[in-house]
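**Q** Right, I'll just put the structure down here and ask away after.
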Amino acid sequence: DGTARLWDIATGTQVRAFSNPGAWITAVAVSVNGTILASGASDGMVHLWSTATGQFLRSIGLLFDAGAARSLQFSPTTGELLVGWDNGVLQTFDPATGKVKLESLVPAGFLHAAVFSPDGRFILDAEGWPSFSARLWDAHSGEELRVFAGHGSEVYSIAFDSIGTSILTGSDIVRLWSIA
């Protein structure tokens with residue numbers, strides 16, 4: 001319904017609703033310090049909100065259509081916001097200003113997910129057609145470091161282990177990889 005909702009997990013009650021009329025919510029993330037909620041939408045826009053007041057802070061978008069904002073995550077170390085769009089564009093932004101921090105990384109396939117490593121040093125993406133792979137990037141320079149190929153269909157889910165030395169990719173099968 002175009003609404004992101006913040007819930008109190010202890011009581012199960014809704015704390016606040018963040019409305020984005022006219023577009024479906026396709027991704028959400030809360031900043032590490034809990035003060036900002038990011039909501040990505042089917043129209044490709046990302047909206048930032050104050051979790052304390054519900055006040056709208058700013059919008060982030062591209063100057064071209066890259067599809068829905070598919071993936072959002074705040075860096076565990078710098079607080080930058082990672083945004084991944086359907087058509088394979090990845091960027092990081094300063095949530096306080098909306099300024100681009102890391103220029104576009106363009107994976108080889110349609111994007112399903114993107115995450116930071118636990119130490120914030122890396123970005124991992126999950127790609128669909130035509131690459132059917134996951135790709136590891138340096139989160140500071142944007143350099144492509146490694147491609148995890150070999151799946152027979154789209155990679156829909158990815159995860160780092162708790163220390164950031166291994167990843168899981170979910171596709172036709174689940175695979176465990178060393179990032180080394």
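Residues in the structure tokens are named by chain (A, B, ... in the order shown) and by number from 1 within that chain; ligands are numbered from 1 in the order shown.
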Give me, as JSON lines, each residue of stretch 83-161 of chain A that comes within 8 Å of stretch 170-173 of chain A, together with its shortest interatomic pair and the distance in Å at one decimal, counting only C-alpha atoms, with rows ordered by chain and rising residue number.
**A**
```
{"residue": "A:His151", "atom": "CA", "partner": "A:Asp172", "partner_atom": "CA", "distance": 6.6}
{"residue": "A:Gly152", "atom": "CA", "partner": "A:Asp172", "partner_atom": "CA", "distance": 6.3}
{"residue": "A:Ser153", "atom": "CA", "partner": "A:Asp172", "partner_atom": "CA", "distance": 5.9}
{"residue": "A:Glu154", "atom": "CA", "partner": "A:Ser171", "partner_atom": "CA", "distance": 5.8}
{"residue": "A:Val155", "atom": "CA", "partner": "A:Ser171", "partner_atom": "CA", "distance": 4.5}
{"residue": "A:Tyr156", "atom": "CA", "partner": "A:Gly170", "partner_atom": "CA", "distance": 5.9}
{"residue": "A:Ser157", "atom": "CA", "partner": "A:Gly170", "partner_atom": "CA", "distance": 4.9}
{"residue": "A:Ile158", "atom": "CA", "partner": "A:Gly170", "partner_atom": "CA", "distance": 6.2}
```
**Q** With N, CA and C atoms retained, could you export that selection as a PDB file, in the first residue's frame?
**A**
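The resulting file, out.pdb, is shown below:
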```pdb
ATOM      1  N   HIS A 151      26.298 -20.601 -10.713  1.00  0.00           N
ATOM      2  CA  HIS A 151      24.887 -20.938 -10.517  1.00  0.00           C
ATOM      3  C   HIS A 151      24.213 -21.121 -11.866  1.00  0.00           C
ATOM      4  N   GLY A 152      23.182 -21.946 -11.897  1.00  0.00           N
ATOM      5  CA  GLY A 152      22.449 -22.208 -13.124  1.00  0.00           C
ATOM      6  C   GLY A 152      21.228 -21.330 -13.300  1.00  0.00           C
ATOM      7  N   SER A 153      20.943 -20.488 -12.307  1.00  0.00           N
ATOM      8  CA  SER A 153      19.814 -19.567 -12.422  1.00  0.00           C
ATOM      9  C   SER A 153      20.117 -18.331 -11.567  1.00  0.00           C
ATOM     10  N   GLU A 154      19.151 -17.445 -11.491  1.00  0.00           N
ATOM     11  CA  GLU A 154      19.349 -16.162 -10.822  1.00  0.00           C
ATOM     12  C   GLU A 154      19.729 -16.336  -9.355  1.00  0.00           C
ATOM     13  N   VAL A 155      20.661 -15.497  -8.902  1.00  0.00           N
ATOM     14  CA  VAL A 155      21.039 -15.475  -7.488  1.00  0.00           C
ATOM     15  C   VAL A 155      20.115 -14.464  -6.813  1.00  0.00           C
ATOM     16  N   TYR A 156      19.271 -14.957  -5.916  1.00  0.00           N
ATOM     17  CA  TYR A 156      18.286 -14.094  -5.263  1.00  0.00           C
ATOM     18  C   TYR A 156      18.703 -13.633  -3.877  1.00  0.00           C
ATOM     19  N   SER A 157      19.550 -14.409  -3.204  1.00  0.00           N
ATOM     20  CA  SER A 157      19.908 -14.024  -1.844  1.00  0.00           C
ATOM     21  C   SER A 157      21.386 -14.237  -1.596  1.00  0.00           C
ATOM     22  N   ILE A 158      21.926 -13.386  -0.714  1.00  0.00           N
ATOM     23  CA  ILE A 158      23.343 -13.406  -0.376  1.00  0.00           C
ATOM     24  C   ILE A 158      23.497 -13.054   1.084  1.00  0.00           C
TER      25      ILE A 158
END
```
**Q** Can you tell me, as a list in words, what residues are no more than 12 Å from A:Ala180 when counting only C-alpha atoms, ignoring any on the same chain fewer than 5 positions away?
**A**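 Contacts, in chain order: Leu136, Leu145, Arg146, Val147, Phe148, Gly164, Thr165, Ser166 and Ile167 of chain A.
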**Q** Okay, now the selection with N, CA and C atoms, as a CSV table (one decimal), in the first residue's frame?
**A**
```
chain,number,residue,atom,x,y,z
A,136,LEU,N,31.8,-9.3,-5.7
A,136,LEU,CA,32.3,-8.6,-4.5
A,136,LEU,C,33.0,-7.3,-5.0
A,145,LEU,N,36.3,-6.9,-7.1
A,145,LEU,CA,37.3,-7.8,-6.6
A,145,LEU,C,37.2,-9.2,-7.0
A,146,ARG,N,36.0,-9.7,-7.1
A,146,ARG,CA,35.8,-11.1,-7.4
A,146,ARG,C,34.4,-11.4,-7.9
A,147,VAL,N,34.3,-12.4,-8.7
A,147,VAL,CA,32.9,-12.8,-9.2
A,147,VAL,C,32.8,-14.3,-8.7
A,148,PHE,N,31.6,-14.6,-8.1
A,148,PHE,CA,31.3,-15.9,-7.7
A,148,PHE,C,30.3,-16.5,-8.7
A,164,GLY,N,32.9,-11.9,8.1
A,164,GLY,CA,33.1,-11.4,6.8
A,164,GLY,C,34.1,-12.1,5.9
A,165,THR,N,34.4,-13.4,6.2
A,165,THR,CA,35.4,-14.1,5.4
A,165,THR,C,34.7,-15.1,4.5
A,166,SER,N,33.5,-15.4,4.7
A,166,SER,CA,32.8,-16.3,3.8
A,166,SER,C,31.4,-15.7,3.4
A,167,ILE,N,30.9,-16.2,2.3
A,167,ILE,CA,29.6,-15.7,1.9
A,167,ILE,C,28.7,-16.9,1.5
```
**Q** Please identify all polymer residues within 9 Å of stretch 67-82 of chain A, counting only C-alpha atoms, omitting same-chain residues fewer than 5 positions from it, and present them as a PyMOL selection string.
**A** chain A and resi 25-33+38-46+61+87-88+90-95+101+111-121+123
**Q** From a DSSP pass on the backbone, collect the residues of chain A flagged as strand (DSSP E or B) and hand them back as JSON, numbers by chain.
**A** {"A": [3, 4, 5, 6, 7, 14, 15, 16, 17, 18, 19, 25, 26, 27, 28, 29, 30, 36, 37, 38, 39, 40, 41, 46, 47, 48, 49, 50, 56, 57, 58, 59, 60, 69, 70, 71, 72, 73, 74, 81, 82, 83, 84, 85, 90, 91, 92, 93, 100, 101, 102, 103, 104, 105, 111, 112, 113, 114, 115, 116, 122, 123, 124, 125, 126, 127, 134, 135, 136, 137, 138, 144, 145, 146, 147, 148, 157, 158, 159, 160, 166, 167, 168, 169, 170, 174, 175, 176, 177, 178]}
**Q** Could you list, as a list in words, every residue within 9 Å of A:Arg16, counting only C-alpha atoms and ignoring same-chain residues fewer than 6 positions away?
**A**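 The residues that qualify are Ala4, Arg5, Leu6, Trp7, Thr51, Ala52, Thr53 and Gly54 of chain A.
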**Q** Would you mind listing what lies within 12 Å of A:Gln55 as JSON, numbers by chain, with only C-alpha atoms counted and same-chain residues fewer than 3 positions away left out?
**A** {"A": [16, 17, 18, 19, 35, 36, 37, 38, 47, 48, 49, 50, 51, 52, 58]}
**Q** As an exercise, work out the distance from atom CA of A:Trp24 to atom CA of A:Thr169 in Å and give it to one decimal place.
**A**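 Answer for the atom CA of A:Trp24 to atom CA of A:Thr169 separation: 26.3 Å.
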**Q** For atom CA of A:Ile60 and atom CA of A:Gly98, determine how far apart the two atoms are, in Å to one decimal place.
**A** 6.3 Å
**Q** Suppose you want the space between atom CA of A:Ala139 and atom CA of A:Phe122; what is it in Å?
**A**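 These atoms are spaced 4.7 Å apart.
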